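Remarks on the structure that follows.
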Amino acid sequence: MSRCRTDCLEKPLSLGFSRLGHFVGRNPWCFLFLPLFLSGGLGAGFFFLHGREANGIEDQFTPVNGPAKQERKFIQDYFPNTGDFSQLRLSTEGTYASLIITGLQQENILTVDAFAEIIKLDDDVKDLSGKMFANICAQSRGKCMSNPVLDVINNTARKIENMPLTYPEHKGIFLGSAMGGVQLNADSKIISAKATRLFYFLRENSTESATWLKAFIHLFSNYKTLKKVSVSCFTSISRDEEFERSSASVVLFFSITYCLAINISIISCLSLDCVRNKVWVASCGVLSAGLAVLSSFGLLHFCGVSFSMTVATSPFLILGIGVDDMFIMISCWQKTKVMDQVEDRLAKTYREAAVSITITTLTDVLAFYVGLMTPFRSVRSFCMYTGTAVLFCYTYNITFFGAFLALNGRREQARRHWLTCKVVLEEKDCPDGNICCVGGAYDTQTGAEKEMPIHSFFKKYYGPFLTNSWTKGFVFCFYAVYLAASIYGCLRIQEGIELKHLAVDNSYVVKYYDNEKMYFSEYGPNVMVVIKDENFQYWQTGARESLNLCLQEFGNLSMTSKNSPVSWLHSYLLFAKNHNLDLNDEENFKRNLSGFLKASGFSPDVNFTNNQILASRMFIQTVNISTAMAEKNMLNAFRETAKKCLSSSEAGYMLVYHHAFIYFDQYDIIVSNTIQNVVVATLAMLVISLLLIPNPLCSLWVTFAIASVIVGVAGFMTFWDVNLDSISMINLVICIGFSVDFSAHISYAFVSSNEPSANKKAVDALYVLGYPMIQAAVSTIAGIVVLSTAESYIFRTFFKIMFLVILFGLAHGIVFLPVFLSLFGDCGKALNSIQHENEPNNMNNPFTYPYSNKDFTHQKESPEIKMNTHELAREDGNSAVRNNYDPDCP
């Protein structure tokens with residue numbers, strides 16, 4: 001089976017990429033300029049960027065087909081607005097502005113001086129934009145909706161100290177959402193309060209409302225002329241506006257990131273040899289990633305794909321993937337023979353590097369496109385843009401970057417200086433051994449470029465140390481601690497995104513949310529309980545008793561107020577009792593219903609059409625909903641209670657709804673959806689690994705490493721105060737792509753090594769891939785480290801999770817996996833048995849050893865003779881090269 005995979009997939013791929021490399025090497029200018037022209041053309045798609053932006057919070061960060069959206073549709077269909085405004089009965093958040101006013105140093109605000117300033121603030125609101133508020137305010141019975149606290153004192157500050165206010169209800173006026181930080185006496189009278197909240201609702205769909213709200217924000221976001229109180233503000237458009245502002249805040253970081261990536265890449269590729277220096281090659285690798293972003297984003301803008309703000313993190317990721325592929329290609333290039341023709345060197349580079357890059361690219365792309373199954377549009381947008389950018393990054397790496405590598409190879413072949421392009425003398429011709437005019441050195445034993453000292457470090461010091469028995473024991477214990485801590489963190493993970501995190505840290509929105517949580521969390525949403533069965537018999541005693549039992553079930557929940565629900569039916573029964581009406585008779589019940597509803601103000605709560613009650617609703621007050629976990633528990637408890645009521649035919653079909661449920665729906669699906677995406681993407685990666693890596697056990701080790709990294713990241717992000725939400729879901733999908741980059745390379749190197757023992761295989765794999773993996777990790781972390789200082793939660797979360805992914809992925813690649821593979825070394829036997837079966841004298845064959853050049857160390861021929869021998873071996877159809885791997889590159 002392994003042999004079939006090797007012959008049927010790896011060999012054709014290697015041969016195809018070899019021919020492509022040869023073709024690119026012969027025509028580098030064509031492959032250099034075509035991507036540039038293509039990027040320029042597709043980049044014009046950024047002209048449509050403004051029209052493609054989709055930054056609506058509800059649209060992007062709530063489930064597309066969440067139950068609450070279906071419930072809202074029912075509410076809007078059966079309980080349309082009647083003209084008179086009621087905050088209690090809103091099916092949406094509404095159009096509004098709000099102020100939270102607190103005492104300075106948390107002082108009591110129930111003083112004349114404090115309320116004098118509060119009344120002044122209220123006047124300033126109503127005077128905004130030439131007293132426009134009176135024309136656009138939401139009205140009830142012909143008057144603008146007022147604030148209950150100001151109504152109680154009749155807008156007179158001196159009355160506040162002498163009026164005994166009861167809480168949470170004062171003379172039929174609910175104050176629970178208007179007064180915060182309340183201290184009561186034994187009679188439920190307010191002794192002191194630390195905050196009050198004012199609402200200003202506007203008419204829906206008014207063209208002037210947005211203008212007024214922006215004027216409100218401008219006035220109160222930095223309100224300074226107060227002596228007794230402090231004010232924070234919020235509007236119904238604030239979240240979306242601050243979300244867009246958060247996107248703009250990353251532009252500077254994007255520039256810094258690319259500068260850092262270029263510098264790190266150049267430094268890691270620096271050489272004292274003025275010919276072999278890869279400064280421009282490294283710069284071109286970073287440019288290639290930038291062109292991929294330009295092309296992919298422009299193409300999708302042309303195609304009309306929505307651009308969510310979460311996509312702004314994608315370029316940082318593409319940069320990391322791009323430089324990772326670049327370092328692998330450079331490493332493979334350096335192991336080719338410098339005396340070969342450039343197109344032959346590039347063919348050998350492609351034969352090995354392109355297959356390796358193809359494996360990781362396929363897994364990355366599949367991981368992102370699997371994310372398109374998620375019900376969150378922000379995740380879909382990110383995955384579409386990032387998956388497409390990865391494809392372009394891969395394409396440009398094997399065309400644009402490969403072409404530049406060939407041009408740089410021609411410069412090296414001509415012995416020209418990396419900066420001045422002047423011909424450099426040989427050492428024997430250089431006066432006084434001046435290194436500035438000397439270059440082009442190579443290893444005469446292998447014919448390839450000289451190794452960097454760090455390669456020797458992995459081979460002579462780190463590898464033997466890691467494979468020591470005592471070290472293995474310590475690594476195994478350390479991994480056990482890592483795994484235990486990760487699982488513990490996974491069990492404590494918090495779900496859901498706090499809406500304030502969608503704004504930048506210094507936003508006025510954050511201050512408002514903090515004050516709301518501190519002072520107004522005692523009373524939560526007023527939840528609608530809707531009977532949507534048009535056949536429910538309200539006039540029957542048994543049906544009403546069944547309904548009362550359901551309402552009692554809701555009342556017994558720990559998160560509901562013990563006060564009676566707001567019920568039109570309860571009020572109707574009291575009305576009938578006072579007027580001696582028999583409501584057990586259907587005709588009497590329906591005959592008197594319309595008059596009662598109109599007189600009592602309950603008309604919006606009953607859909608009484610064509611002498612039939614199609615639907616009706618009641619309201620239950622919730623309490624102590626201050627955390628994401630409390631929101632989740634409340635939502636689940638209400639829906640489960642409603643579901644129990646459905647089991648009784650007399651109770652009718654029931655649903656529960658509040659406009660906040662639109663956001664709470666994420667708690668129901670975020671965990672299951674994240675697990676689904678990760679599992680599907682991991683299985684897809686396993687299939688690709690089984691097809692392209694010549695050993696099934698090796699593929700299982702890669703899968704194990706990916707699962708281990710994902711568990712570690714999910715667990716440790718809990719310790720770093722990161723919740724599981726649509727933002728972190730994106731990053732957990734990223735885990736698959738980056739972890740496979742580390743694990744697949746090291747496992748593939750181990751399984752393909754010809755070393756006789758498992759320990760030596762592990763050392764050999766580290767010797768070849770240790771430094772490129774560190775290069776990729778350092779450059780990626782350097783590229784994202786600036787995001788740790790971002791003012792946006794989204795970008796800080798991206799940094800945290802990416803840092804964990806790179807850290808744990810690298811740890812698995814150069815610490816855990818080599819040890820585990822050396823302990824369970826059978827992973828390399830299948831491929832070696834194939835090699836020994838076909839090549840009896842395999843250990844002496846210089847063309848079968850895929851990862852190191854040790855086979856050349858005992859050869860006495862000149863580099864030219866060895867080169868010719870190698871070329872002859874390539875032409876031999878029965879040679880080991882045609883059945884296995886090239887000796888020059890990992």
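Just remember, in the structure tokens the first chain shown is A, the second B, etc., residues are 1-based per chain, and ligands are 1-based in the order shown.
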Inset, instruction - Find the spatial neighbours of Lys143 in chain A, counting only C-alpha atoms, within a cut-off of 10 Å - ignore same-chain residues fewer than 6 positions away - and output them as a PyMOL selection string. - result: chain A and resi 84-85+134+137
The selected residues should be written to file as a JSON list (two decimals), in the first residue's frame (atoms: N, CA and C atoms).
```json
[["chain", "number", "residue", "atom", "x", "y", "z"],
["A", 84, "ASP", "N", -48.36, 53.13, 18.69],
["A", 84, "ASP", "CA", -47.95, 53.52, 20.04],
["A", 84, "ASP", "C", -46.72, 52.72, 20.44],
["A", 85, "PHE", "N", -45.69, 53.43, 20.90],
["A", 85, "PHE", "CA", -44.41, 52.78, 21.22],
["A", 85, "PHE", "C", -44.47, 52.12, 22.59],
["A", 134, "ALA", "N", -37.93, 66.30, 19.23],
["A", 134, "ALA", "CA", -39.39, 66.34, 19.33],
["A", 134, "ALA", "C", -40.06, 65.85, 18.05],
["A", 137, "CYS", "N", -38.92, 61.58, 17.82],
["A", 137, "CYS", "CA", -39.00, 60.68, 18.99],
["A", 137, "CYS", "C", -40.10, 59.64, 18.81]]
```
Which residues come within 6 Å of Ile100 in chain A, counting only C-alpha atoms, excluding same-chain residues fewer than 6 positions away, as a PDB file with C-alpha atoms, in the first residue's frame?
```
ATOM      1  CA  THR A 196     -29.497  56.146  36.821  1.00  0.00           C
ATOM      2  CA  ARG A 197     -30.154  55.392  33.163  1.00  0.00           C
ATOM      3  CA  VAL A 231     -21.842  60.265  32.173  1.00  0.00           C
ATOM      4  CA  SER A 232     -21.387  57.436  29.644  1.00  0.00           C
TER       5      SER A 232
END
```
Legend entry - Residues within 9 Å of Gly409 in chain A, only C-alpha atoms, excluding chain neighbours under 3 positions, as an MDAnalysis selection string: chainID A and resid 276 338 341:342 345:346 404:406 412:414
Inset, instruction - Looking only at strand (DSSP E) from DSSP on the backbone, list the matching residues of range 226-379 of chain A as a list in words. - result: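 Answer for range 226-379 of chain A restricted to strand (DSSP E) is Val229, Ser230, Val231, Ser232, Cys233, Phe234 and Thr235 of chain A.
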Any chance you could export the current selection's C-alpha atoms as a tab-separated table (two decimals), in the first residue's frame?
```tsv
chain	number	residue	atom	x	y	z
A	229	VAL	CA	-21.93	63.20	38.16
A	230	SER	CA	-20.16	61.31	35.40
A	231	VAL	CA	-21.84	60.26	32.17
A	232	SER	CA	-21.39	57.44	29.64
A	233	CYS	CA	-23.37	57.14	26.44
A	234	PHE	CA	-24.51	54.56	23.91
A	235	THR	CA	-26.73	54.40	20.84
```
Inset, instruction - Rank nothing, just name the residue among A:Tyr513, A:Tyr442, A:Phe316, A:Phe368 nearest to Thr336 in chain A, using only C-alpha atoms. - result: A:Tyr442
Inset, instruction - With a distance cut-off of 9 Å and only C-alpha atoms, select the neighbouring residues of range 565-575 of chain A, excluding the residue or stretch itself and same-chain residues fewer than 4 positions from it, and output the selection as a PyMOL selection string. - result: chain A and resi 538+544+551+555+561+579-581+583+593+596-597+600+602-603+605-606+616-621
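Across the model, the gap from CA of Ala261 in chain A to CA of Arg26 in chain A is 29.8 Å.
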Legend entry - Neighbour list for Met685 in chain A as a PyMOL selection string, cut-off 8 Å, only C-alpha atoms, skip fewer than 2 positions in-chain: chain A and resi 362-363+366-367+681-683+687-689+703
Inset, instruction - For range 325-332 of chain A, list every protein, DNA or RNA residue within 9 Å, evaluated using only C-alpha atoms, and leave out those in the same chain fewer than 3 positions away; present the list as number ranges by chain. - result: A: 265, 269, 278, 281-282, 285-286, 320-322, 335-336, 348-350, 352-354, 356-357, 394, 397, 401-402, 405, 768-769, 772-773, 775-776, 888-890
Inset, instruction - Find the residues around Met309 in chain A up to 10 Å (only C-alpha atoms counted), leave out those fewer than 4 positions away in its own chain, and share them as an MDAnalysis selection string. - result: chainID A and resid 53:56 60 243:248 313:314 378 381:382 794
Take the residues from that selection and write them out as a short mmCIF file (atom, residue, chain, number, x, y, z; two decimals), in the first residue's frame, keeping C-alpha atoms.
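Output below, filename result_27.cif:
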```cif
data_model
loop_
_atom_site.label_atom_id
_atom_site.label_comp_id
_atom_site.auth_asym_id
_atom_site.auth_seq_id
_atom_site.Cartn_x
_atom_site.Cartn_y
_atom_site.Cartn_z
CA GLU A 53 -17.67 45.80 3.69
CA ALA A 54 -20.09 44.01 6.01
CA ASN A 55 -19.62 45.19 9.56
CA GLY A 56 -23.12 44.75 11.02
CA GLN A 60 -21.69 38.96 11.10
CA PHE A 243 -16.59 47.89 15.00
CA GLU A 244 -15.59 49.69 11.81
CA ARG A 245 -13.26 51.90 13.82
CA SER A 246 -11.61 48.78 15.23
CA SER A 247 -10.82 47.67 11.67
CA ALA A 248 -9.18 50.99 10.83
CA THR A 313 -6.25 39.48 10.35
CA SER A 314 -5.83 37.30 7.24
CA SER A 378 -17.78 36.62 9.91
CA SER A 381 -15.88 35.65 5.15
CA PHE A 382 -12.56 35.03 6.85
CA ILE A 794 -10.22 40.88 17.95
#
```
Legend entry - Residue with smallest distance to Asn277 in chain A - pool A:Ala289, A:Ile160, A:Ala441, A:Leu184, counting only C-alpha atoms: A:Ala441
Inset, instruction - Using only C-alpha atoms, find the one residue out of A:Ala68, A:Tyr200, A:Phe465, A:Asp505 that sits nearest to Asp122 in chain A. - result: A:Tyr200
Legend entry - Residue among A:Cys645, A:Thr92, A:Ile730, A:Ser295 lying closest to Gly371 in chain A, counting only C-alpha atoms: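 Going through A:Cys645, A:Thr92, A:Ile730, A:Ser295 one by one, the smallest distance to Gly371 in chain A is for A:Ile730.
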Inset, instruction - Would you please work out which residue, of A:Ile118, A:Leu655, A:Leu691, A:Ile814, is nearest to Lys643 in chain A when using only C-alpha atoms? - result: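 Comparing A:Ile118, A:Leu655, A:Leu691, A:Ile814 against Lys643 in chain A, the winner is A:Leu655.
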Legend entry - Residue list (alpha helix (DSSP H), DSSP) for range 146-218 of chain A, as JSON, numbers by chain: {"A": [148, 149, 150, 151, 152, 209, 210, 211, 212, 213, 214, 215, 216, 217, 218]}
Please write the residues from the selection above to a file, keeping N, CA, C and O atoms, as a PDB file, in the first residue's frame.
```pdb
ATOM      1  N   PRO A 148     -38.822  57.239  33.291  1.00  0.00           N
ATOM      2  CA  PRO A 148     -39.629  57.078  34.520  1.00  0.00           C
ATOM      3  C   PRO A 148     -39.067  57.825  35.725  1.00  0.00           C
ATOM      4  O   PRO A 148     -39.828  58.341  36.538  1.00  0.00           O
ATOM      5  N   VAL A 149     -37.738  57.886  35.863  1.00  0.00           N
ATOM      6  CA  VAL A 149     -37.153  58.557  37.024  1.00  0.00           C
ATOM      7  C   VAL A 149     -37.494  60.029  37.013  1.00  0.00           C
ATOM      8  O   VAL A 149     -37.852  60.615  38.050  1.00  0.00           O
ATOM      9  N   LEU A 150     -37.429  60.654  35.836  1.00  0.00           N
ATOM     10  CA  LEU A 150     -37.749  62.081  35.737  1.00  0.00           C
ATOM     11  C   LEU A 150     -39.248  62.310  35.858  1.00  0.00           C
ATOM     12  O   LEU A 150     -39.681  63.372  36.343  1.00  0.00           O
ATOM     13  N   ASP A 151     -40.034  61.324  35.406  1.00  0.00           N
ATOM     14  CA  ASP A 151     -41.486  61.468  35.554  1.00  0.00           C
ATOM     15  C   ASP A 151     -41.892  61.441  37.016  1.00  0.00           C
ATOM     16  O   ASP A 151     -42.791  62.186  37.445  1.00  0.00           O
ATOM     17  N   VAL A 152     -41.260  60.588  37.805  1.00  0.00           N
ATOM     18  CA  VAL A 152     -41.604  60.461  39.225  1.00  0.00           C
ATOM     19  C   VAL A 152     -41.405  61.782  39.958  1.00  0.00           C
ATOM     20  O   VAL A 152     -42.222  62.161  40.820  1.00  0.00           O
ATOM     21  N   SER A 209     -32.973  60.108  11.943  1.00  0.00           N
ATOM     22  CA  SER A 209     -32.544  59.483  13.201  1.00  0.00           C
ATOM     23  C   SER A 209     -31.041  59.294  13.264  1.00  0.00           C
ATOM     24  O   SER A 209     -30.411  59.563  14.293  1.00  0.00           O
ATOM     25  N   ALA A 210     -30.430  58.813  12.152  1.00  0.00           N
ATOM     26  CA  ALA A 210     -28.986  58.577  12.140  1.00  0.00           C
ATOM     27  C   ALA A 210     -28.220  59.867  12.375  1.00  0.00           C
ATOM     28  O   ALA A 210     -27.217  59.889  13.105  1.00  0.00           O
ATOM     29  N   THR A 211     -28.686  60.969  11.784  1.00  0.00           N
ATOM     30  CA  THR A 211     -28.028  62.271  11.967  1.00  0.00           C
ATOM     31  C   THR A 211     -28.096  62.701  13.430  1.00  0.00           C
ATOM     32  O   THR A 211     -27.106  63.169  14.008  1.00  0.00           O
ATOM     33  N   TRP A 212     -29.271  62.520  14.026  1.00  0.00           N
ATOM     34  CA  TRP A 212     -29.426  62.913  15.429  1.00  0.00           C
ATOM     35  C   TRP A 212     -28.559  62.044  16.338  1.00  0.00           C
ATOM     36  O   TRP A 212     -27.944  62.546  17.286  1.00  0.00           O
ATOM     37  N   LEU A 213     -28.508  60.727  16.070  1.00  0.00           N
ATOM     38  CA  LEU A 213     -27.704  59.830  16.904  1.00  0.00           C
ATOM     39  C   LEU A 213     -26.226  60.183  16.833  1.00  0.00           C
ATOM     40  O   LEU A 213     -25.514  60.114  17.839  1.00  0.00           O
ATOM     41  N   LYS A 214     -25.743  60.539  15.650  1.00  0.00           N
ATOM     42  CA  LYS A 214     -24.333  60.927  15.521  1.00  0.00           C
ATOM     43  C   LYS A 214     -24.047  62.213  16.283  1.00  0.00           C
ATOM     44  O   LYS A 214     -22.977  62.357  16.901  1.00  0.00           O
ATOM     45  N   ALA A 215     -25.002  63.145  16.263  1.00  0.00           N
ATOM     46  CA  ALA A 215     -24.845  64.373  17.055  1.00  0.00           C
ATOM     47  C   ALA A 215     -24.838  64.061  18.543  1.00  0.00           C
ATOM     48  O   ALA A 215     -24.084  64.658  19.326  1.00  0.00           O
ATOM     49  N   PHE A 216     -25.655  63.095  18.942  1.00  0.00           N
ATOM     50  CA  PHE A 216     -25.697  62.657  20.347  1.00  0.00           C
ATOM     51  C   PHE A 216     -24.346  62.091  20.764  1.00  0.00           C
ATOM     52  O   PHE A 216     -23.808  62.430  21.835  1.00  0.00           O
ATOM     53  N   ILE A 217     -23.779  61.212  19.930  1.00  0.00           N
ATOM     54  CA  ILE A 217     -22.475  60.610  20.243  1.00  0.00           C
ATOM     55  C   ILE A 217     -21.411  61.681  20.331  1.00  0.00           C
ATOM     56  O   ILE A 217     -20.571  61.679  21.253  1.00  0.00           O
ATOM     57  N   HIS A 218     -21.418  62.599  19.390  1.00  0.00           N
ATOM     58  CA  HIS A 218     -20.407  63.664  19.372  1.00  0.00           C
ATOM     59  C   HIS A 218     -20.472  64.511  20.639  1.00  0.00           C
ATOM     60  O   HIS A 218     -19.436  64.907  21.189  1.00  0.00           O
TER      61      HIS A 218
END
```
Inset, instruction - Using only C-alpha atoms, find the one residue out of A:Thr102, A:Thr257, A:Thr780, A:Gln537 that sits nearest to Lys227 in chain A. - result: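 Residue with the minimum atom-to-atom distance to Lys227 in chain A: A:Thr102.
Reported to one decimal place, the separation of CA of Gln183 in chain A from CA of Leu104 in chain A is 17.0 Å.
The space separating CA of Ala403 in chain A from CA of Val24 in chain A comes to 6.0 Å.
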